[in-house]
Amino acid sequence: MVVRANDPKALKMSLVLADVDGTLVTNDKVLTVRAVAAVKALQAAGIAFAITSGRPPRGMAMLIAPLALQTPIAGFNGGIFVKPDMTIIEEHVLAPDAARKALDVIEQHDLDAWVYSGNDWFVRNREAPHVAREQWTVKFAPTVVAGFDDQLASAVKIVGVSDDLDAVARCEKDAQEALGHGASAARSQPYYLDVTNPDANKGTVAKTLSKWLSIPTAEIVTIGDMPNDVLMFRNSGFSIAMGNASPDVQAQADVVTDSYDDEGFAKAMEQFILHRAASSLSVPP
């Protein structure tokens with residue numbers, strides 16, 4: 001593990017906000033026993049735990065019971081906030097013109113496109129790259145449509161998908177230039193480009209949870225692995241990058257933990273938060 005900046009011993013930590021894929025779960029989308037134990041230990045120490053992801057809320061439902069989640073859940077990178085019972089608290093859809101422009105840019109780069117609207121996921125080809133894996137991951141099937149005209153007026157998220165990772169990176173840059181302040185465009189995985197409402201980004205998630213839970217952002221710990229996690233790093237008091245994150249993402253975090261396939265999440269909680277909490281509890285008054 002690498003420590004670059006803030007000394008966690010000097011910080012008050014009241015909330016951990018975690019990305020899901022590439023962070024909380026392994027490459028095989030497994031929530032390990034050690035990760036579950038770490039979250040329960042946080043909660044026992046009086047530290048709240050929350051999750052955010054590019055996944056739809058339904059795609060995180062399987063995490064609620066094992067982690068005993070009580071905080072709002074931020075799906076679509078903050079495009080929608082729900083309670084643990086899936087009741088919608090707040091939703092931010094894309095402006096129709098921004099949705100159309102995003103779709104055009106995605107298609108110009110020959111990426112496949114997915115559209116999420118409400119609780120539904122729409123694709124044009126069920127056999128396209130990553131559809132089957134995404135269905136297995138989120139535990140519900142997409143709706144196949146000929147086109148997206150009926151969905152763009154209420155799109156919460158549009159995803160560009162390709163195994164040409166350089167094309168996805170180029171599309172991210174071009175989408176950001178084309179959309180400006182009209183939408184947020186960032187990769188949630190090397191092969192996924194997520195386009196959402198400009199208020200739907202993980203930096204806003206951190207600030208929103210700060211407000212709702214009455215926890216200063218300086219007392220929030222964030223942990224993630226992708227470029228779209230950097231905004232929440234910047235809106236927290238202490239940030240942790242996964243060992244599987246790119247060098248650029250790692251450089252923007254306070255510390256770097258191990259990979260998601262080497263218990264990086266659990267190790268970070270144990271080393272940087274739980275060890276400190278246990279030490280403070282052991283000090284006599």
# chains A, B, ... in the order shown; residues from 1 in each chain; ligands from 1
$ closest_atom_pairs --of "range 179-201 of chain A" --to "range 224-232 of chain A" --cutoff "8 Å" --atoms "only C-alpha atoms" --output "tab-separated table"
residue	atom	partner	partner_atom	distance
A:Ala186	CA	A:Asn228	CA	5.5
A:Arg187	CA	A:Asn228	CA	6.2
A:Ser188	CA	A:Met226	CA	5.9
A:Gln189	CA	A:Met226	CA	6.6
A:Asn201	CA	A:Asn228	CA	7.4
$ select_by_dssp --residues "range 36-271 of chain A" --states "helix (DSSP H, G or I)" --output "VMD selection string"
chain A and resid 36 to 44 57 to 67 76 to 78 96 to 108 131 to 138 152 to 154 165 to 182 202 to 213 217 to 219 227 to 234 247 to 251 260 to 262 264 to 271
$ residues_around --residues "Phe233 in chain A" --least-positions-apart "2" --cutoff "12 Å" --atoms "only C-alpha atoms" --output "VMD selection string"
chain A and resid 16 to 19 201 to 207 217 to 218 220 to 231 235 to 241 249 to 255
$ closest_atom_pairs --of "range 58-138 of chain A" --to "range 35-50 of chain A" --cutoff "10 Å" --atoms "only C-alpha atoms" --output "JSON lines"
{"residue": "A:Leu63", "atom": "CA", "partner": "A:Val36", "partner_atom": "CA", "distance": 9.6}
{"residue": "A:Pro66", "atom": "CA", "partner": "A:Val36", "partner_atom": "CA", "distance": 6.9}
{"residue": "A:Leu67", "atom": "CA", "partner": "A:Val36", "partner_atom": "CA", "distance": 6.1}
{"residue": "A:Ala68", "atom": "CA", "partner": "A:Lys40", "partner_atom": "CA", "distance": 7.9}
{"residue": "A:Leu69", "atom": "CA", "partner": "A:Ala50", "partner_atom": "CA", "distance": 7.1}
{"residue": "A:Gln70", "atom": "CA", "partner": "A:Ala50", "partner_atom": "CA", "distance": 8.0}
{"residue": "A:Thr71", "atom": "CA", "partner": "A:Ala50", "partner_atom": "CA", "distance": 5.7}
{"residue": "A:Pro72", "atom": "CA", "partner": "A:Ala50", "partner_atom": "CA", "distance": 7.0}
{"residue": "A:Ile73", "atom": "CA", "partner": "A:Ala50", "partner_atom": "CA", "distance": 6.6}
{"residue": "A:Ala74", "atom": "CA", "partner": "A:Ala50", "partner_atom": "CA", "distance": 8.4}
$ residues_around --residues "Tyr260 in chain A" --least-positions-apart "3" --cutoff "8 Å" --atoms "only C-alpha atoms" --output "ChimeraX atom specification"
/A:22-27,242-244,263-265
$ residues_around --residues "Thr137 in chain A" --least-positions-apart "5" --cutoff "9 Å" --atoms "only C-alpha atoms" --output "list in words"
Asp28, Lys29, Gly59 and Ala132 of chain A
$ write_last_selection --atoms "N, CA and C atoms" --output "JSON list (two decimals), in the first residue's frame"
[["chain", "number", "residue", "atom", "x", "y", "z"],
["A", 28, "ASP", "N", -14.89, -10.88, -10.42],
["A", 28, "ASP", "CA", -16.01, -11.80, -10.65],
["A", 28, "ASP", "C", -17.30, -11.32, -9.98],
["A", 29, "LYS", "N", -17.31, -10.07, -9.54],
["A", 29, "LYS", "CA", -18.49, -9.44, -8.92],
["A", 29, "LYS", "C", -18.87, -10.11, -7.61],
["A", 59, "GLY", "N", -29.53, -2.94, -9.70],
["A", 59, "GLY", "CA", -28.29, -3.68, -9.85],
["A", 59, "GLY", "C", -27.42, -3.69, -8.61],
["A", 132, "ALA", "N", -24.48, -9.61, -21.84],
["A", 132, "ALA", "CA", -24.72, -10.81, -21.03],
["A", 132, "ALA", "C", -24.07, -10.68, -19.66]]
$ select_by_dssp --residues "range 1-147 of chain A" --states "strand (DSSP E or B)" --output "PyMOL selection string"
chain A and resi 2-3+15-19+21+25+48-52+73-75+80-82+88-91+112-117+120-123+143-144
$ residues_around --residues "range 105-122 of chain A" --least-positions-apart "5" --cutoff "8 Å" --atoms "only C-alpha atoms" --output "number ranges by chain"
A: 56-58, 128-129, 141-145, 148, 151-152, 154-162, 167-168, 171, 174-175, 178
$ closest_residue --among "A:Val195, A:Leu11, A:Ala245, A:Val33" --to "Gly182 in chain A" --atoms "only C-alpha atoms"
A:Val195
$ atom_distance --atom1 "CA of Ile80 in chain A" --atom2 "CA of Lys173 in chain A"
24.3 Å
$ atom_distance --atom1 "CA of Asp199 in chain A" --atom2 "CA of Lys101 in chain A"
17.5 Å
$ atom_distance --atom1 "CA of Glu91 in chain A" --atom2 "CA of Glu172 in chain A"
23.3 Å
$ closest_residue --among "A:Val20, A:Ala98, A:Ile215, A:Ala183" --to "Ala200 in chain A" --atoms "only C-alpha atoms"
A:Ala183
